[in-house]
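Take a look at the structure set out below.
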Amino acid sequence: MKLLIRYLLTIMIVLLLMTQVIIGAGLGQATSSTGGRGWQDFIIIGDAFSGMPFYPQMLSQLKEEYRLEALHNTVGAWIDYREWMRHPAEWDVNIARLIREAHNVGLPIGVAYGYHVGDSVDARYNESVGFLHYYRQLIPNEQRWHHPNGTVALDPYSVGSSRSFTGAYVVRILGDPMDIERLKRLNLYSTMQPQNPYWKEFFIDWGKKAIDRGSDSFFIDSPDGIFTFFWGGGWGCTDTWEGKGLAEYLRAKLGDSTLRAMGVESPESFCLKDYLVKKYGPPRIFSNYVYFRERFKTSWPIEHVAFSNVENILRDPIFKEALLYWYRSAIEFVRDVAAQYKLYAYQRGRDIVLTSNNYFAWIPQITIAPYMDALYVETNQFRPPPYVTRPAVCKMGQASVNGSKSVWIGEWILNFANPYEPSPPPRDISNLVRLRVAEAYASGCIMLVPFGTGHPSEGWPTKRLVLGSERPQVAAYYRFISENRELFKGVKTMADVALLVSIPTMLWNFVPTLGLISGMHDRDYQKDVFGWARALESMGIPYDILLLGMDGILSTDSHTRLKSYSLIIAPELTHISDTHLQAILDFLRAGGRLIISPSFGAYDEMHNPRPSARLSAIYSHPNVLRTERWLGRDYQLTLENLTPSQHLFSLMKSAVETSLISRMVITNASQHVYISVLFQRRPYERLIVHLVNYDYRYDSEKDWTIPASNISITLRIPSMFDPANVTLISPDIPSPIPLAFQIGDGFLSFTVPTLKVWDIIVIEDRT
């Protein structure tokens, strides 16, 4: 009864807060418990300040040098139990102290935890460590979790963890199980079933603890943990919460009579894996089983299920619904949790800013974007510029929230990936950090100050931006941003070229729990998008990304924006709804140009093959150009191998030049200059042109860029825009430089004398 009441209350809260707090919640409603401006005004936010527990006396100085306005992902409050995280003592000592120290210098501060519980693989069953101990020793009996049949669970994993196809527990082990002896202790993250009401209730209560102790924001890491299929789970039968939920979902969606007609004898006890085995035969299982906490069988690497014909599985109506159910269960978990956090804070006269890790703004994590206050997009610089860049990730994030929220780029440079491998990083990477800062702000995003920067070999916590030689140079960039903060607020893109990306294409090509992927791998699709993006950057063509959404998964308005562009490029976009297909036809009939690959539109959004006749109007349209398949992917692979293919680049460039009748920007800049054109209405109308120099070099000691000079820019300007002056500002020069300019035939021309890393050209309207 208690859970039923809690569930009904949650639904009421969601309905009451959906428009006020969740969907409409930008950073505009966020207020800090320390007073002053809300997070919506912040443009300089520190991230992963792992040095804070060790350098509290430096916090005031760092705030001044970096012009810090808040600290995100700073105080660890992981759902765990070991020496460094003993609950409740740590909450009232260390966590409370760190929050208080930030508040003492006027900085709002965020607590970090994850959509999982932490534990140890090799700890003994009765050892006083990890979440198993927390559950068995510290959770009162009346709060113990129950199995769907009502029995009390003796441990959190038998009732909480998702199940693999063979029934093994699904966890993510941080490392190789073969390293247990060498490392002496190996950690794991559980993949908790989001359908478990006890897990949801516990998770909500955990956030309330942080609110009570003064946290101003939550960063909830690893959302892939609740997308159980991501790690090989989701296969539980009705003895698990995920399986019970699936049976109820299918009965509500399809009805018992339909299910029986499809071969399901007992809809009330439906089991997905049994259904698929009976219908398609037993699959091969690829696995490596180990035991954690002496008793719980798991597979690491994750268990892969290989049916003889994966396409048959993906086309099965019941499996289709199961995949959507996996997504929607996780999304609804986040929706309900966010509503509860917001309400709890509101009742105490406060607000809480919610962020989560949206890795590369891609499936599956990106689907929770509507329930975050700001979109935190994690990236990694796997290869250095000019080979690999990240504006496309920023633009993907913006598209996922319809441009309605701030997009924060978060990366602990060198910590998770060393772009210089197989060589160690230079002793000083000031220019790489400044490049990442420049490309983010140039694209309309915010690069959080990456206080976690540093190579693992340098010890923990990583501290290059606290104690390293990078600190003064990177801090100077953030002071420049602070001093010119109005240039980075309320900006809108001026691009007339867009890459079109599809959530359904992502979804139906990303089913890790099946092992094999239908037709192509999702990461191939991602690389294809990134390859085209890098090619456009190298052509000096400003571009946007438009994201076609999917009902019940992630809604976007991108299909309504198509007519704002002259050219749309849709690389390997295989899945698209009829509604979105019609929007593309309307775009073409209005004179727009479209570049596609031969597989365009082969399926609808539910993975149903589309008759070729339905595509004839697009394939035969004179404004449509078809290219070879995988141009972007293959080009991206050459970039990642540090051997960029000029042949592939030439093919993409030829396609764009054939289709793009009039360019918005004409320039003599090299392929290493990224150009972004933004428009700002307030405080008055102005065009803002960002130039970022990716001509990057390094040796074992330091890194640098090769300066560019005498860059000519001819820019198409809006019809009602009357330029009064053109000014160059940059963190790389001591003072602004007025530039001479010419106007004619709707274009503005000027020359940039030099570009070291980042130049900004501000063009103000006469009125």
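Identifiers in this document derive from the order of the structure tokens: chains are assigned A, B, ..., residues are numbered from 1 separately in each chain, and ligands are numbered from 1 in order of occurrence.
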Tell me, as a list in words, which residues lie within 6 Å of range 261-273 of chain A, counting only C-alpha atoms; anything in the same chain fewer than 4 positions away does not count. Cys237, Thr238 and Ala247 of chain A
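Near Glu101 in chain A, within a cut-off of 10 Å and counting only C-alpha atoms, sit the residues Met52, Pro53, Pro56, Gln57, Leu59, Ser60, Ala96, Arg97, Leu98, Ile99, His103, Asn104, Val105, Gly106, Leu107 and Ile109 of chain A, with same-chain residues fewer than 2 positions away left out.
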Next on the checklist: Can you tell me which residues surround range 305-312 of chain A at a distance of at most 10 Å, considering only C-alpha atoms, apart from same-chain residues fewer than 3 positions away, and format the answer as a ChimeraX atom specification?
Outcome noted: /A:164-166,232,276-277,280-287,302,315-317,319,512-519,607
Write the selection just made, keeping N, CA and C atoms, as a compact mmCIF listing (two decimals), in the first residue's frame?
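So the final result, stored in result.txt, reads:
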# COMPACT_ATOMS: atom_id res chain seq x y z
N SER A 164 20.81 -11.16 -17.73
CA SER A 164 21.24 -11.47 -19.09
C SER A 164 20.35 -12.58 -19.66
N PHE A 165 20.61 -12.98 -20.89
CA PHE A 165 19.79 -13.99 -21.55
C PHE A 165 19.86 -15.32 -20.80
N THR A 166 21.02 -15.62 -20.22
CA THR A 166 21.18 -16.88 -19.49
C THR A 166 20.78 -16.76 -18.03
N GLY A 232 23.73 -5.73 -21.87
CA GLY A 232 23.39 -7.13 -22.05
C GLY A 232 22.24 -7.61 -21.21
N LEU A 276 11.32 -15.93 -27.84
CA LEU A 276 12.21 -15.87 -29.01
C LEU A 276 12.85 -17.22 -29.31
N VAL A 277 13.23 -17.96 -28.28
CA VAL A 277 13.82 -19.29 -28.49
C VAL A 277 12.81 -20.22 -29.14
N TYR A 280 12.33 -18.77 -32.87
CA TYR A 280 13.46 -18.63 -33.79
C TYR A 280 14.61 -19.59 -33.51
N GLY A 281 14.47 -20.41 -32.49
CA GLY A 281 15.53 -21.34 -32.15
C GLY A 281 16.52 -20.73 -31.18
N PRO A 282 17.24 -21.60 -30.46
CA PRO A 282 18.18 -21.08 -29.45
C PRO A 282 19.35 -20.34 -30.10
N PRO A 283 19.75 -19.21 -29.52
CA PRO A 283 20.89 -18.46 -30.06
C PRO A 283 22.20 -19.01 -29.52
N ARG A 284 23.28 -18.61 -30.15
CA ARG A 284 24.60 -18.84 -29.57
C ARG A 284 24.85 -17.75 -28.53
N ILE A 285 25.51 -18.12 -27.46
CA ILE A 285 25.81 -17.19 -26.39
C ILE A 285 27.33 -17.02 -26.30
N PHE A 286 27.78 -15.78 -26.36
CA PHE A 286 29.19 -15.48 -26.18
C PHE A 286 29.34 -14.81 -24.83
N SER A 287 30.11 -15.45 -23.95
CA SER A 287 30.16 -14.96 -22.58
C SER A 287 31.45 -15.38 -21.91
N ILE A 302 30.41 -8.25 -21.53
CA ILE A 302 28.98 -8.51 -21.45
C ILE A 302 28.59 -9.69 -22.33
N ARG A 315 12.52 -7.49 -36.56
CA ARG A 315 11.23 -7.28 -37.21
C ARG A 315 10.08 -7.92 -36.44
N ASP A 316 10.40 -8.68 -35.41
CA ASP A 316 9.35 -9.32 -34.63
C ASP A 316 8.58 -8.24 -33.87
N PRO A 317 7.26 -8.19 -34.00
CA PRO A 317 6.48 -7.12 -33.35
C PRO A 317 6.64 -7.07 -31.85
N PHE A 319 9.36 -8.14 -30.10
CA PHE A 319 10.68 -7.63 -29.74
C PHE A 319 10.75 -6.12 -29.96
N PRO A 512 22.90 -3.56 -28.32
CA PRO A 512 24.04 -4.35 -27.84
C PRO A 512 23.66 -5.68 -27.22
N THR A 513 22.49 -5.75 -26.63
CA THR A 513 22.09 -6.98 -25.96
C THR A 513 21.94 -8.15 -26.94
N LEU A 514 21.78 -7.84 -28.24
CA LEU A 514 21.71 -8.90 -29.25
C LEU A 514 23.08 -9.28 -29.80
N GLY A 515 24.09 -8.49 -29.49
CA GLY A 515 25.42 -8.83 -29.98
C GLY A 515 25.62 -8.39 -31.41
N LEU A 516 24.82 -8.90 -32.32
CA LEU A 516 24.94 -8.52 -33.71
C LEU A 516 23.98 -7.38 -34.00
N ILE A 517 24.35 -6.53 -34.94
CA ILE A 517 23.55 -5.36 -35.28
C ILE A 517 23.06 -5.51 -36.71
N SER A 518 21.84 -5.11 -36.95
CA SER A 518 21.21 -5.27 -38.25
C SER A 518 21.82 -4.32 -39.27
N GLY A 519 22.41 -4.86 -40.31
CA GLY A 519 22.85 -4.05 -41.44
C GLY A 519 24.12 -3.29 -41.18
N HIS A 607 11.15 0.38 -37.94
CA HIS A 607 11.95 -0.64 -38.61
C HIS A 607 11.12 -1.50 -39.57
For this session: Please measure the separation of CA of Ser616 in chain A and CA of Phe600 in chain A, giving the value in Å to one decimal.
Result: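 Separation of CA of Ser616 in chain A and CA of Phe600 in chain A: 11.3 Å.
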In Å and to one decimal, CA of Val692 in chain A is distant from CA of Val726 in chain A by 18.0 Å
